[in-house]
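Data block below; observations after.
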Amino acid sequence: MAIKVEISTDDVRKVVREFKKSRNFSFENYAEMSFKRRIEYLLVSHNLSGIDELLEKTRNDSIYFRKCINDITVNTTELFRDADVWLNLRRNVLPALKDKSGINIWHAGCSSGEEVFSMLILLNEMNLLEKAKVFATDINTEILHKARNGVFNHRFNNNYFQNFDKVVKINPLNYDEKFDVPYDKYFEQDELSKSFRIKKFLRDKVTFKYHNLTEDSVFYKFDIIFCRNVIIYFNTELQNKVISLLHESLFKDGILLIGVHENIAYLPVGSKFESRYMKGLYVKK
Ligand SMILES: C[S@@+](CC[C@H](N)C(=O)[O-])C[C@H]1O[C@@H](n2cnc3c(N)ncnc32)[C@H](O)[C@@H]1O
């Protein structure tokens, strides 16, 4: 039977306060309920007696604190997650970038890299890969390591190839037309360990880096920013701050993608976006 721990809202606020005080790490404007569930999960999975033990251990051990940050984050992701997003990019967004000499892309909150590799595959299919400069960032250092490695397990990710077929093997302008794109163009299968690895020519295109969206600045401008399924963990105030940062980091007419179940509650002053093509896709005006 799964063990369950429940903590109070006061406990949650104490954890947030203490992390800020002892480690200068702020979860201050994360959505309280989901942060509470993650702390409860942490207490069970780390076999801790309660938040006091958690706070004592994190106060005295920076490596342990980092492990806690990694385990607090939710890293759910998928290759070609939400096929419609990718079909829309393919049909409506990427063709307009053909004449540009360079395309700067940022995946903020990239998790284990599936979203990044999906984009690289699409760029390659559209002969745009050469022009692309790709940055991918996250606050989870372990998941960034996994992303750099680009190895995924078949058993846990058996829908990846179905998604690939839906997006890569179909002409988005004529669904009856199929493209013959073999999996080994992009993946090395390892039958023994039942895993597959993203080929080196794609892995080498990405710079994976630690970056905290809620604290760190950005010194670059992008044509496309992915920040999908990340702001859902923030409260409205923090969402506002992050959307402003993403707006500032885009070129005019640049594209912002958030998750299909996410909303920009209200646009921060000075930020002008136009919703285009599908839910979650915005153009900077
Ligand atoms: C649910 S995953 C989304 C992955 C991918 N974008 C997708 O939609 O499939 C959310 C990611 O956001 C990262 N994250 C959470 N807070 C963050 C922050 N303040 N700065 C950067 N990344 C953050 C988490 O570590 C996690 O990997």
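Each chain in the structure tokens gets a letter, A, B and so on, in the order shown; residues start at 1 in every chain, and ligands are counted from 1 in the order they appear.
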>> What parts of segment 38-203 of chain A does DSSP call strand (DSSP E)? I'd like the answer as a ChimeraX atom specification.
In response: /A:103-108,132-138,151-153,170-171,174-178,187-190,195-198
Wanna dump the segment 196-273 of chain A-segment 79-102 of chain A contacts at 10 Å for me, each residue with its shortest atom pair and the distance in Å to one decimal, counting only C-alpha atoms, ordered by chain and number, as CSV?
residue,atom,partner,partner_atom,distance
A:Asp223,CA,A:Leu97,CA,9.0
A:Ile224,CA,A:Val93,CA,9.6
A:Gly254,CA,A:Val93,CA,10.0
A:Ile255,CA,A:Val93,CA,8.3
A:Leu257,CA,A:Val85,CA,8.8
A:Gly259,CA,A:Asp82,CA,9.0
A:Val260,CA,A:Asp82,CA,7.9
Enumerate, in order of chain and increasing residue number, the residues of segment 9-125 of chain A with an atom no farther than 8 Å from segment 201-215 of chain A, each with its shortest atom pair and distance in Å to one decimal, counting only C-alpha atoms, as a tab-separated table.
residue	atom	partner	partner_atom	distance
A:Ala108	CA	A:Leu213	CA	7.4
A:Phe117	CA	A:Leu202	CA	7.1
A:Leu120	CA	A:Leu202	CA	6.6
A:Ile121	CA	A:Leu202	CA	7.8
Selection to disk with C-alpha atoms, as a PDB file, in the first residue's frame:
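Saved as again.pdb:
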ATOM      1  CA  ALA A 108      12.682  26.919 -21.340  1.00  0.00           C
ATOM      2  CA  PHE A 117      14.644  16.585 -30.135  1.00  0.00           C
ATOM      3  CA  LEU A 120      15.259  19.253 -34.249  1.00  0.00           C
ATOM      4  CA  ILE A 121      13.719  16.359 -36.186  1.00  0.00           C
TER       5      ILE A 121
END
> Got a sec to check which residues lie within 6 Å of ligand 1, using only C-alpha atoms and all ligand atoms, and send them as a VMD selection string?
Replying inline: chain A and resid 73 to 78 109 to 111 115 138 to 140 211 to 214 227 to 230
>> When DSSP is applied to the backbone of this structure, which of segment 52-168 of chain A are assigned alpha helix (DSSP H)? Write them out as a PyMOL selection string.
In response: chain A and resi 52-60+62-72+83-88+114-125+141-149+160-168
